[in-house]
Amino acid sequence: MQLDTGKLFCRCGNEAEKESISTFARKLSLVSGEMGATDRAAYYEKERDREFHYNVSDNSCLVEMDEDPPHAINQDALITAVRVARTFGSSVFDHLSVMRKIVVDGSNTSGFQRTSLVATGGGAATSSGIVRISTICLEEDSARRISEDGRKAVFGLDRLGIPLLEIATEPDIRDADHAVEAARMISFIVASAGHFKRSAEAIRQDVNISLGYGRVEIKGVSKLSLIGDGIRSEIGRQTSLAQAVSVLNSRNPGRAYNIKLINCSEIFRNTKSKVILGEASSGKIAYCSLLKGMDGLLKKGEFRLGRETADLVKLFGVKGLLHSDELPGYGIENDELEKIRALLKPGEGDAFMIVMTQPDLIHVLSKEIQNRLSKIADLDFSETRSVSEDGTTHFLRPMPGGERMYPETDIPLIDLVPVLHTAKAMGPLEDMRSLVERLTRQYGISSQDSEVLVNEFKSGPFLELNSIIDDPRLTARVLLQTIPELERTSGPIAYHDLVSTFRLAKEKGLKRESVETMLAMCSRGASFEEVKASPLIYPLSEEELRQILSSLDPGMSQSQIIARIRKETGRPINAQALSRLLGSLKDQEKKSSGGRA
Amino acid sequence: MQLDTGKLFCRCGNEAEKESISTFARKLSLVSGEMGATDRAAYYEKERDREFHYNVSDNSCLVEMDEDPPHAINQDALITAVRVARTFGSSVFDHLSVMRKIVVDGSNTSGFQRTSLVATGGGAATSSGIVRISTICLEEDSARRISEDGRKAVFGLDRLGIPLLEIATEPDIRDADHAVEAARMISFIVASAGHFKRSAEAIRQDVNISLGYGRVEIKGVSKLSLIGDGIRSEIGRQTSLAQAVSVLNSRNPGRAYNIKLINCSEIFRNTKSKVILGEASSGKIAYCSLLKGMDGLLKKGEFRLGRETADLVKLFGVKGLLHSDELPGYGIENDELEKIRALLKPGEGDAFMIVMTQPDLIHVLSKEIQNRLSKIADLDFSETRSVSEDGTTHFLRPMPGGERMYPETDIPLIDLVPVLHTAKAMGPLEDMRSLVERLTRQYGISSQDSEVLVNEFKSGPFLELNSIIDDPRLTARVLLQTIPELERTSGPIAYHDLVSTFRLAKEKGLKRESVETMLAMCSRGASFEEVKASPLIYPLSEEELRQILSSLDPGMSQSQIIARIRKETGRPINAQALSRLLGSLKDQEKKSSGGRA
Amino acid sequence: MKEKASFGDRVRLSYNNVEIEGTFISHENGIITVKLKSGYNVALSDDRAEYLSVTPANRPSEERSGEREISGGVMLLATGGTIASRVDYTTGAVKPHYDISSLLGEAEIREKLGTRVIDNILSENVTPEKWILMAEHARKELDRGNHVIILHGTDTMTYSASALSFMFEKQSKSIIFTGSQRSPDRPSSDAFENIRSAISFSSLNVGEVSICMHDSRSDLSERLIRATRSRKMHTSRRDAIRDIDGGGLADIRNGKVSILGRFRPAADETVLNAKLDDRVALIYFYPGMESGILSRIAEKKKALVVMGTGLGHVSEAIISEIREITRDGVHVVMTSQCLQGNVNLNIYSTGRELKNAGVISAGDILPEVAFTKAMYVLANHGEDFGETMMKSLRGEISGRLLN
Amino acid sequence: MKEKASFGDRVRLSYNNVEIEGTFISHENGIITVKLKSGYNVALSDDRAEYLSVTPANRPSEERSGEREISGGVMLLATGGTIASRVDYTTGAVKPHYDISSLLGEAEIREKLGTRVIDNILSENVTPEKWILMAEHARKELDRGNHVIILHGTDTMTYSASALSFMFEKQSKSIIFTGSQRSPDRPSSDAFENIRSAISFSSLNVGEVSICMHDSRSDLSERLIRATRSRKMHTSRRDAIRDIDGGGLADIRNGKVSILGRFRPAADETVLNAKLDDRVALIYFYPGMESGILSRIAEKKKALVVMGTGLGHVSEAIISEIREITRDGVHVVMTSQCLQGNVNLNIYSTGRELKNAGVISAGDILPEVAFTKAMYVLANHGEDFGETMMKSLRGEISGRLLN
């Protein structure tokens, strides 16, 4: 998960104000790894022969552009990593050897991600026993993918290079719920060490699942809540995939999944299918191939071999993949299907598919589909997948091998011994339970609020914001009620605006009402300069109150008056001043009426 | 006049292909001259406080931009200057001392023109006796003025820095016709030494006239034919101006020409005058001033004191100057004039004027008008003027004094002794008479053609072009008939296109018809690449002729045939080939008819 | 030899049988220069010239001194250079002169503008002592509540301005260097606009030493550049002094000032450490450089600033020499001939060997600035030389390289 | 000490009571480096590590030599540098390697493409003898009808390419230098595009020595630059090698070649004057430079190239020293630290004094190019040194300065 320490190998900050001040484009070439071999995953990306475009944000410099070698490692990030490792009882190495992990999908301008092994061993005590930790790595975050269109992908550099602490566990986790608990516990420790200031939902996790069909890694699960969903849906997918394979292998004993894509554009010359027409208009051509023994396995019941193939071809910019289990359909008519059948001559149990693509991709596409299907037929499901909001997972790329790493030659070995001394001096990190107790005891907020603050990783912001304003109840209220409500109804609030709001409140002696008004303005997209300049955030002065009161019906109650003023001015009211004024007015009234009497 | 040798202090050529590849802007500040004093003309320009914009042509470099000091002087130009001086029997100095002549009108990016005195003395023998030469100077041409709008002037750098040979004569010239003759003779010598390739009309002359009222210099008379006209009109102007002055001085014995411009915009608040409304819309304001004793002298009969003033204020971007001799008029009504009179209270014989200008110019404008009128009243008409196509002259600026020159410190003294040796070795320049004889004798063209070639300074091009094609008659015809005709009816022809045309004709054996077609295309604006690629310039091949002939009525005469082919194809015809073909066709006809008979 | 005539006299001479009449300018190297009435100078070989008459004439007016002391305004301190140069009639070349008031139009000599000539040299002759002199004059003006504008030759402006930048640990008012690429004896001189804009920039109250010069070849914009991120990048153009990677502080276009980058605001007090140790040399590495040169230069030095190739490299032969030099206690600082970009001794084996040999590198510091910084650090933080060199004291090292 | 394990062996070690298993990489400076199965390297202090087992394993495949001779095509000659560099596992740094065929994809190793390794040095170690070696290899290839592409480190590419440019009086085919700023062991290396574009530029048949490198930070365009008007202007960017004032000959954008400037076309024959006199030094003037340094350097030299300030100035002290040096027959060539613009010794008194002292200036020639040119001129036109230096032989002096 990200550490809020500024970037790992340059002096840029974590957050960008401008996301694109210039752009550039790169290609990536495949190179040999340290041991002379070439890595599968890397090779796979290269096959796609793409052009990568980058938006240069104002929190990036020549290092992110891969135009300057990395600078010295961020000491704060290093100390955080070592403190976390010590908290888990892991063994920290004496030296840090920064490695390059080849990633040629464009998410790293260099073509590799810098990563280093900080510690091994140790564990986290969960309600279901200790979950052992295998490795703790400190690495760079990748560039943010903005868009992808066939062979051209666009990335933003704002996220690239932010330190990530990656903690891998041994297979000690028993089920999806246990996975969520362990993830929360481990993340919390990192969050509390790493000045983590955003919601727990912002934590990305990689989940590894092994059901006997090879290891599947679900990359970048962006919410704790998705961990469980992802695991459950992946178990379902692998189970039905295994069933489909057993049917397939029984039909195809020789496992001859020979994919040969044949130009069938002539058949669709007068087609009415919008899918085909749409792709054809961008210069793509229809190809079809026999899928031996796959009838009914592509999309029927739980079987989804079709989607396994579609997920793959999408990566090559191929949008339209149609297969026989879903045809006729998509505007393709029976006579067209008959012509396809006449061309491919499918036998009993055979299926076929149609793809729209550029002719120069045909060679690589055939090879890749065939490889993927063969691998699945071998019950080797190992690969890297992503997870959607709905919990379903999608193919990303083959699982990388160990060969795709070699030393980052631009950074000398880093001596960790001084860092270890610093970490020791800073003491161990607090766990969730003791922090809940401390918040309740020390700040006088309810244990329920403490619990939520800690569980949602808001204790860091709580402590920092409260240190500005010294009002634990207001701080807790803002974090637990005001902000979630505003972010739900209006828009997000940047943490630096939150800090500025608290600072201004402290400086000007503003109260809750003003703070909430300020945050509401921020969430509607106002800059803090605008917020600060708005009269709406400042309480009415005594003089202003006096003027308003003089125009009001004297018979109104104080609460009626407050409601009326609020409605008319939209500005905070200094209750004490109001009471005082109302009191003195009444006195005057009494006096004047007394005088008249 | 310009020397076709490339620029004087850098290695740029005389001609530009692109006139504006970039632009920049400058201001010029007035500085002290060598002797500590400040020059009148320079001061005058500075008063106008202007911004100068320059278009950078592709025949200019950092030297023209005043961003690089001058490079070594152009040796060809130097040799030419010395040869000319020797031809006139002038004394050439042993050293050349390059000077800076302050010119702050923007026509020189440096604020000065580089000039140097090459020789003094000598003379040219004209039909009316010897015209003595006072000085021969080698200087840089100025930037070409493209446009001027109030305080902003735009110049092109293409002409800046081209060598000019300036030959000044003693006052030995008797009248306008003598001036033209002398100018032609002197220019011819320069032209024949300086590889001059353009028409005699392209020669610029400065004409000095002294009628006892101070020296008037008419700058840059761009055609020989204008010299006479300019002189005649200037004599007329000065004569009537002197008469006006005598009237004025009799009215104003104290010579109190106190110009005080008073804001009278209120008077024209509801004016219908388009002159005033137009200027007012660009923010200018009406001012008026009394002109003591000038009634009837501003514009009546031959008197034109009004125009003397208008010429001046124009230089400050003031377009509208109206004076009482022409009012009422220009939409200004009597009641407005009455109000002006009420304001200025003119006495008997007094006039007044109205100018539209910016308020911040008022101070300098009053001073300048007053200075000019006082100077005229003193019968000192000395100044620099320009001449229009119609022969009338216009005020440019006061006559510069000697103080405006100081040494060009960036160029060391230039030793002329080696140049003198070279010039001696090259021998004297041919005069017009002997050249006419030589052309007639050596090239077999008519003495009349020779005369015109020489008189129009076309002998240089004649000799150069003929050396390419070795066809004196064709060359003379092209220079004396084809080109003048085409330039009159169609458009100008660049000399380098003319050279290319002759080279191509030589290379491909093309005849007159082709040459004329090529030149016609050039004059219509075609690039030489286009001309060269056009089939129209190449004669019909024998095969093409044969085909056309076969489609024609056999009864046509040869000249009818030629006219017909020309009309249909527009292409040159190889007469010999045509005769041959016609002959053989007739033979065939005879044979075939003979056979039938 | 006694001259027959003096500068300014009216003379008549016979030369090659031509009579020459004019004003006597000079008689040097066998050449008599006479200015004719038309303004032209003629240069006559003295062996062929004969004086016919000499009429002593009024001497031209003496140069005005133009100095003016003030407080609470803007003080121009002239040190020489093109901006204070003038035609030298004896050699015909441009030489420094003392009158700086002529650089300002009447309208500009306002109440709060002072001028003083503190030196009069061409900037290639500047030395560390001169930098201390400039700094002390500047301090005096700051103490009188004046902003300071230093008129200086452009050739070594970066050296001088960066040296002052290091010496002024804090400054209560702005110190701006300006100069000109075209001498002010010509109408097209950039001096006038540069001075005017420097006066305008003074009001920004930048608490750093900076440079104000033309921003383009036009006279319409000037740029304020951090002294320690400036460099003269063209021999003759008006916009020769450029900011290298992030030294642009402000610009002025058609009279309007815009802020371009962050700068340190003026401080409440002035702290000047007017000490420099000039035992520093600046050395350009070139392929095939023979060993021995460096050690001989190092003999009398406390620090060498080397301009290596690329990321900061020299050949193997030079590395072993550097190893010996650092062993003898002479600091070696590596910079790059490339000028732009960081020096980084971690990337190539050559760099690592240099690092092991004790060579100091400091990001993207410019070679000339490393040179003046080394003088400052030696004199003021000699015990922590390496660490102080690597730390950005006056914005001379860009932590984040954007170009 | 005998190693317990060799590169590639499978090892198990106990370290701080943790068991480490992986592939042995190295044992140096007290540190054992092991590559784990996950791909990570761990660096273990050997005093706390204990070998549990060592299993000798398959050695990684030997490097292919990849050399290939051809005629009538394009020949790549490798000299070393980043473009031919590789991770050095003993020090962890990047070092040269010999296999250049790996730089080209299979599709690119076409029939008419040859490769040969002629040297293997980091470019900071290049010397005049190496330039002669390169020139002779190149001549051999030209004589076989091949275009030549020389793979070279970027640090001193301008020096080498300009030296060859002078030595080749005529050339029958193009000679293009290329290199890379990112080493080819990384996917983002610029080596691949630079080589491909150099091959494309070969077809232009430029009869000059030129350089092909990235034109921007994107991988989409490369530029062909005249060797004698090139300079490395950034330590790390891909587009570090720039053309200074009019050295751009052609560019390639998205595969399309455009001509940018005039170049000399290939000649019918090749004339190589493979002689250089290396008794030349390149010296950077700085304010306060003490006299004595120059003379000591001049002792063993035939020519000094001085990088003066501005238009080509040095301090008065140095002028008098130069006067003595030239009197002793050592040529002194003046160039400018500004890099851009002409040197001009006519403008200031300093310049005139230098000119009188016999200093040679040559317009806007770049200092590094003046350095290699001086070596060439000394060896081939020594009698006309000054005149030949002032004449543009290979486009190194721009007669017309446009920027």
# chains A, B, ... in the order shown; residues from 1 in each chain; ligands from 1
$ closest_atom_pairs --of "chain C" --to "chain D" --cutoff "6 Å" --atoms "only C-alpha atoms" --output "Markdown table"
| residue | atom | partner | partner_atom | distance |
| --- | --- | --- | --- | --- |
| C:Ala93 | CA | D:Ser349 | CA | 5.6 |
| C:Val94 | CA | D:Tyr348 | CA | 5.3 |
| C:Glu124 | CA | D:Ser315 | CA | 5.1 |
| C:Asn125 | CA | D:Ser315 | CA | 4.6 |
| C:Val126 | CA | D:Pro287 | CA | 5.9 |
| C:Thr127 | CA | D:Gly288 | CA | 4.7 |
| C:Asp155 | CA | D:Gly310 | CA | 4.8 |
| C:Lys232 | CA | D:Cys338 | CA | 5.5 |
| C:Met233 | CA | D:Cys338 | CA | 4.3 |
| C:His234 | CA | D:Gln340 | CA | 4.5 |
| C:Thr235 | CA | D:Gly310 | CA | 4.7 |
| C:Tyr284 | CA | D:Tyr284 | CA | 5.8 |
| C:Pro287 | CA | D:Thr127 | CA | 5.5 |
| C:Gly288 | CA | D:Thr127 | CA | 4.7 |
| C:Thr309 | CA | D:Asp155 | CA | 5.3 |
| C:Gly310 | CA | D:Thr235 | CA | 4.7 |
| C:Leu311 | CA | D:Thr235 | CA | 5.0 |
| C:Val314 | CA | D:Glu124 | CA | 5.6 |
| C:Ser315 | CA | D:Asn125 | CA | 4.6 |
| C:Cys338 | CA | D:Met233 | CA | 4.3 |
| C:Gln340 | CA | D:His234 | CA | 4.5 |
| C:Gly341 | CA | D:Thr235 | CA | 4.9 |
| C:Tyr348 | CA | D:Val94 | CA | 5.3 |
| C:Ser349 | CA | D:Ala93 | CA | 5.5 |
$ residues_around --residues "B:Arg237" --least-positions-apart "5" --cutoff "12 Å" --atoms "only C-alpha atoms" --output "list in words"
Ile209, Leu211, Tyr213, Val216, Gly230, Ile231, Arg232, Ala242, Gln243, Ala244, Glu302, Phe303, Arg304, Leu305, Arg307, Glu308, Phe381, Arg385, Gly391, Thr392, Thr393, His394 and Phe395 of chain B
$ write_last_selection --atoms "N, CA, C and O atoms" --output "PDB file, in the first residue's frame"
ATOM      1  N   ILE B 209      19.766  69.835 -53.758  1.00  0.00           N
ATOM      2  CA  ILE B 209      19.392  71.069 -54.455  1.00  0.00           C
ATOM      3  C   ILE B 209      19.654  72.239 -53.516  1.00  0.00           C
ATOM      4  O   ILE B 209      19.285  72.198 -52.345  1.00  0.00           O
ATOM      5  N   LEU B 211      19.096  76.352 -53.622  1.00  0.00           N
ATOM      6  CA  LEU B 211      18.635  77.546 -54.337  1.00  0.00           C
ATOM      7  C   LEU B 211      18.865  78.791 -53.494  1.00  0.00           C
ATOM      8  O   LEU B 211      18.229  79.810 -53.677  1.00  0.00           O
ATOM      9  N   TYR B 213      18.377  78.698 -50.138  1.00  0.00           N
ATOM     10  CA  TYR B 213      17.611  78.577 -48.897  1.00  0.00           C
ATOM     11  C   TYR B 213      18.092  77.373 -48.082  1.00  0.00           C
ATOM     12  O   TYR B 213      17.316  76.725 -47.394  1.00  0.00           O
ATOM     13  N   VAL B 216      18.661  71.127 -49.733  1.00  0.00           N
ATOM     14  CA  VAL B 216      17.580  70.154 -49.626  1.00  0.00           C
ATOM     15  C   VAL B 216      18.047  68.872 -50.304  1.00  0.00           C
ATOM     16  O   VAL B 216      18.543  68.900 -51.424  1.00  0.00           O
ATOM     17  N   GLY B 230      11.655  65.573 -59.981  1.00  0.00           N
ATOM     18  CA  GLY B 230      11.818  65.969 -58.580  1.00  0.00           C
ATOM     19  C   GLY B 230      12.475  67.332 -58.474  1.00  0.00           C
ATOM     20  O   GLY B 230      12.040  68.181 -57.695  1.00  0.00           O
ATOM     21  N   ILE B 231      13.504  67.518 -59.269  1.00  0.00           N
ATOM     22  CA  ILE B 231      14.212  68.801 -59.209  1.00  0.00           C
ATOM     23  C   ILE B 231      13.279  69.934 -59.595  1.00  0.00           C
ATOM     24  O   ILE B 231      13.174  70.945 -58.915  1.00  0.00           O
ATOM     25  N   ARG B 232      12.540  69.716 -60.682  1.00  0.00           N
ATOM     26  CA  ARG B 232      11.635  70.765 -61.152  1.00  0.00           C
ATOM     27  C   ARG B 232      10.577  71.090 -60.097  1.00  0.00           C
ATOM     28  O   ARG B 232      10.326  72.258 -59.788  1.00  0.00           O
ATOM     29  N   ALA B 242       9.220  80.696 -50.535  1.00  0.00           N
ATOM     30  CA  ALA B 242       9.952  81.927 -50.223  1.00  0.00           C
ATOM     31  C   ALA B 242       9.026  83.134 -50.331  1.00  0.00           C
ATOM     32  O   ALA B 242       9.081  84.065 -49.510  1.00  0.00           O
ATOM     33  N   GLN B 243       8.126  83.080 -51.327  1.00  0.00           N
ATOM     34  CA  GLN B 243       7.167  84.181 -51.468  1.00  0.00           C
ATOM     35  C   GLN B 243       6.236  84.230 -50.267  1.00  0.00           C
ATOM     36  O   GLN B 243       5.965  85.287 -49.697  1.00  0.00           O
ATOM     37  N   ALA B 244       5.734  83.091 -49.851  1.00  0.00           N
ATOM     38  CA  ALA B 244       4.843  83.036 -48.696  1.00  0.00           C
ATOM     39  C   ALA B 244       5.538  83.590 -47.463  1.00  0.00           C
ATOM     40  O   ALA B 244       4.946  84.328 -46.671  1.00  0.00           O
ATOM     41  N   GLU B 302      -0.377  79.355 -55.043  1.00  0.00           N
ATOM     42  CA  GLU B 302       0.792  78.484 -54.955  1.00  0.00           C
ATOM     43  C   GLU B 302       1.229  78.273 -53.501  1.00  0.00           C
ATOM     44  O   GLU B 302       2.151  77.504 -53.245  1.00  0.00           O
ATOM     45  N   PHE B 303       0.629  79.027 -52.616  1.00  0.00           N
ATOM     46  CA  PHE B 303       1.079  78.944 -51.220  1.00  0.00           C
ATOM     47  C   PHE B 303       0.625  77.641 -50.567  1.00  0.00           C
ATOM     48  O   PHE B 303      -0.532  77.253 -50.664  1.00  0.00           O
ATOM     49  N   ARG B 304       1.549  77.003 -49.839  1.00  0.00           N
ATOM     50  CA  ARG B 304       1.255  75.694 -49.252  1.00  0.00           C
ATOM     51  C   ARG B 304       1.864  75.536 -47.857  1.00  0.00           C
ATOM     52  O   ARG B 304       2.386  74.472 -47.513  1.00  0.00           O
ATOM     53  N   LEU B 305       1.838  76.580 -47.052  1.00  0.00           N
ATOM     54  CA  LEU B 305       2.391  76.443 -45.697  1.00  0.00           C
ATOM     55  C   LEU B 305       1.645  75.359 -44.908  1.00  0.00           C
ATOM     56  O   LEU B 305       2.212  74.711 -44.037  1.00  0.00           O
ATOM     57  N   ARG B 307       0.579  72.511 -45.999  1.00  0.00           N
ATOM     58  CA  ARG B 307       1.127  71.188 -46.269  1.00  0.00           C
ATOM     59  C   ARG B 307       2.485  70.994 -45.592  1.00  0.00           C
ATOM     60  O   ARG B 307       2.831  69.886 -45.176  1.00  0.00           O
ATOM     61  N   GLU B 308       3.274  72.049 -45.478  1.00  0.00           N
ATOM     62  CA  GLU B 308       4.565  71.942 -44.781  1.00  0.00           C
ATOM     63  C   GLU B 308       4.343  71.453 -43.346  1.00  0.00           C
ATOM     64  O   GLU B 308       5.147  70.695 -42.804  1.00  0.00           O
ATOM     65  N   PHE B 381      15.358  76.366 -45.636  1.00  0.00           N
ATOM     66  CA  PHE B 381      14.513  75.251 -46.087  1.00  0.00           C
ATOM     67  C   PHE B 381      15.269  73.924 -46.058  1.00  0.00           C
ATOM     68  O   PHE B 381      14.777  72.906 -46.513  1.00  0.00           O
ATOM     69  N   ARG B 385      14.079  65.278 -47.995  1.00  0.00           N
ATOM     70  CA  ARG B 385      12.735  65.064 -48.538  1.00  0.00           C
ATOM     71  C   ARG B 385      12.710  63.787 -49.368  1.00  0.00           C
ATOM     72  O   ARG B 385      13.739  63.251 -49.753  1.00  0.00           O
ATOM     73  N   GLY B 391       6.385  63.015 -58.954  1.00  0.00           N
ATOM     74  CA  GLY B 391       7.423  64.025 -58.987  1.00  0.00           C
ATOM     75  C   GLY B 391       7.357  65.024 -57.843  1.00  0.00           C
ATOM     76  O   GLY B 391       8.288  65.798 -57.657  1.00  0.00           O
ATOM     77  N   THR B 392       6.279  65.019 -57.049  1.00  0.00           N
ATOM     78  CA  THR B 392       6.215  65.948 -55.926  1.00  0.00           C
ATOM     79  C   THR B 392       7.065  65.420 -54.776  1.00  0.00           C
ATOM     80  O   THR B 392       7.241  64.217 -54.611  1.00  0.00           O
ATOM     81  N   THR B 393       7.589  66.376 -53.993  1.00  0.00           N
ATOM     82  CA  THR B 393       8.476  65.982 -52.899  1.00  0.00           C
ATOM     83  C   THR B 393       7.783  66.179 -51.553  1.00  0.00           C
ATOM     84  O   THR B 393       6.856  66.977 -51.447  1.00  0.00           O
ATOM     85  N   HIS B 394       8.254  65.426 -50.557  1.00  0.00           N
ATOM     86  CA  HIS B 394       7.638  65.464 -49.225  1.00  0.00           C
ATOM     87  C   HIS B 394       8.699  65.481 -48.142  1.00  0.00           C
ATOM     88  O   HIS B 394       9.721  64.800 -48.249  1.00  0.00           O
ATOM     89  N   PHE B 395       8.378  66.218 -47.076  1.00  0.00           N
ATOM     90  CA  PHE B 395       9.283  66.307 -45.940  1.00  0.00           C
ATOM     91  C   PHE B 395       9.555  64.934 -45.320  1.00  0.00           C
ATOM     92  O   PHE B 395       8.644  64.141 -45.105  1.00  0.00           O
TER      93      PHE B 395
END
$ closest_atom_pairs --of "chain B" --to "chain D" --cutoff "7 Å" --atoms "only C-alpha atoms" --output "JSON lines"
{"residue": "B:Arg11", "atom": "CA", "partner": "D:Arg400", "partner_atom": "CA", "distance": 5.9}
{"residue": "B:Cys12", "atom": "CA", "partner": "D:Arg400", "partner_atom": "CA", "distance": 6.8}
{"residue": "B:Cys61", "atom": "CA", "partner": "D:Leu402", "partner_atom": "CA", "distance": 4.8}
{"residue": "B:Leu62", "atom": "CA", "partner": "D:Leu402", "partner_atom": "CA", "distance": 5.6}
{"residue": "B:Thr409", "atom": "CA", "partner": "D:Ile347", "partner_atom": "CA", "distance": 6.6}
{"residue": "B:Asp410", "atom": "CA", "partner": "D:Ile347", "partner_atom": "CA", "distance": 4.6}
{"residue": "B:Ile411", "atom": "CA", "partner": "D:Asn346", "partner_atom": "CA", "distance": 6.3}
{"residue": "B:Pro412", "atom": "CA", "partner": "D:Asn346", "partner_atom": "CA", "distance": 6.7}
$ closest_residue --among "A:Ser459, A:Ser110, A:Ser523, A:Thr357" --to "A:Arg151" --atoms "only C-alpha atoms"
A:Thr357
$ select_by_dssp --residues "stretch 26-120 of chain A" --states "helix (DSSP H, G or I)" --output "list in words"
Arg40, Ala41, Ala42, Tyr43, Tyr44, Glu45, Lys46, Glu47, Gln75, Asp76, Ala77, Leu78, Ile79, Thr80, Ala81, Val82, Arg83, Val84, Ala85, Arg86 and Thr87 of chain A
$ atom_distance --atom1 "atom CA of C:Ser14" --atom2 "atom CA of B:Asn208"
27.9 Å
$ residues_around --residues "C:Val42" --least-positions-apart "4" --cutoff "7 Å" --atoms "only C-alpha atoms" --output "NGL selection string"
(:B and (97)) or (:C and (33-35))
$ write_last_selection --atoms "N, CA, C and O atoms" --output "compact mmCIF listing (two decimals), in the first residue's frame"
# COMPACT_ATOMS: atom_id res chain seq x y z
N SER B 97 38.06 53.60 -43.01
CA SER B 97 37.66 53.75 -41.62
C SER B 97 36.14 53.68 -41.61
O SER B 97 35.47 54.60 -42.06
N THR C 33 44.43 60.02 -37.72
CA THR C 33 42.99 59.96 -37.96
C THR C 33 42.41 61.36 -37.85
O THR C 33 42.64 62.07 -36.87
N VAL C 34 41.67 61.75 -38.89
CA VAL C 34 41.06 63.07 -38.94
C VAL C 34 39.58 62.89 -39.21
O VAL C 34 39.20 62.08 -40.05
N LYS C 35 38.78 63.65 -38.48
CA LYS C 35 37.34 63.60 -38.72
C LYS C 35 36.99 64.76 -39.63
O LYS C 35 37.23 65.92 -39.30
$ select_by_dssp --residues "stretch 276-372 of chain D" --states "strand (DSSP E)" --output "list in words"
Val280, Ala281, Leu282, Ile283, Tyr284, Ala303, Leu304, Val305, Val306, Met307, Gly308, His331, Val332, Val333, Met334, Thr335, Ser336, Ile360 and Ser361 of chain D
$ residues_around --residues "A:Leu504" --least-positions-apart "2" --cutoff "12 Å" --atoms "only C-alpha atoms" --output "ChimeraX atom specification"
/A:465,468-469,497-502,506-511,514-515,518-519,528-529,531-533,537-538
$ decode --residues "stretch 412-416 of chain B" --atoms "N, CA and C atoms" --output "PDB file, in the first residue's frame"
ATOM      1  N   PRO B 412      38.059  46.909 -37.345  1.00  0.00           N
ATOM      2  CA  PRO B 412      39.361  47.595 -37.352  1.00  0.00           C
ATOM      3  C   PRO B 412      39.551  48.330 -38.684  1.00  0.00           C
ATOM      4  N   LEU B 413      40.488  49.247 -38.712  1.00  0.00           N
ATOM      5  CA  LEU B 413      40.864  49.924 -39.952  1.00  0.00           C
ATOM      6  C   LEU B 413      41.122  48.889 -41.041  1.00  0.00           C
ATOM      7  N   ILE B 414      40.645  49.164 -42.251  1.00  0.00           N
ATOM      8  CA  ILE B 414      40.840  48.199 -43.338  1.00  0.00           C
ATOM      9  C   ILE B 414      41.912  48.747 -44.279  1.00  0.00           C
ATOM     10  N   ASP B 415      42.913  47.947 -44.518  1.00  0.00           N
ATOM     11  CA  ASP B 415      44.015  48.357 -45.380  1.00  0.00           C
ATOM     12  C   ASP B 415      43.573  48.230 -46.837  1.00  0.00           C
ATOM     13  N   LEU B 416      43.557  49.342 -47.561  1.00  0.00           N
ATOM     14  CA  LEU B 416      43.079  49.300 -48.952  1.00  0.00           C
ATOM     15  C   LEU B 416      44.186  49.026 -49.962  1.00  0.00           C
TER      16      LEU B 416
END
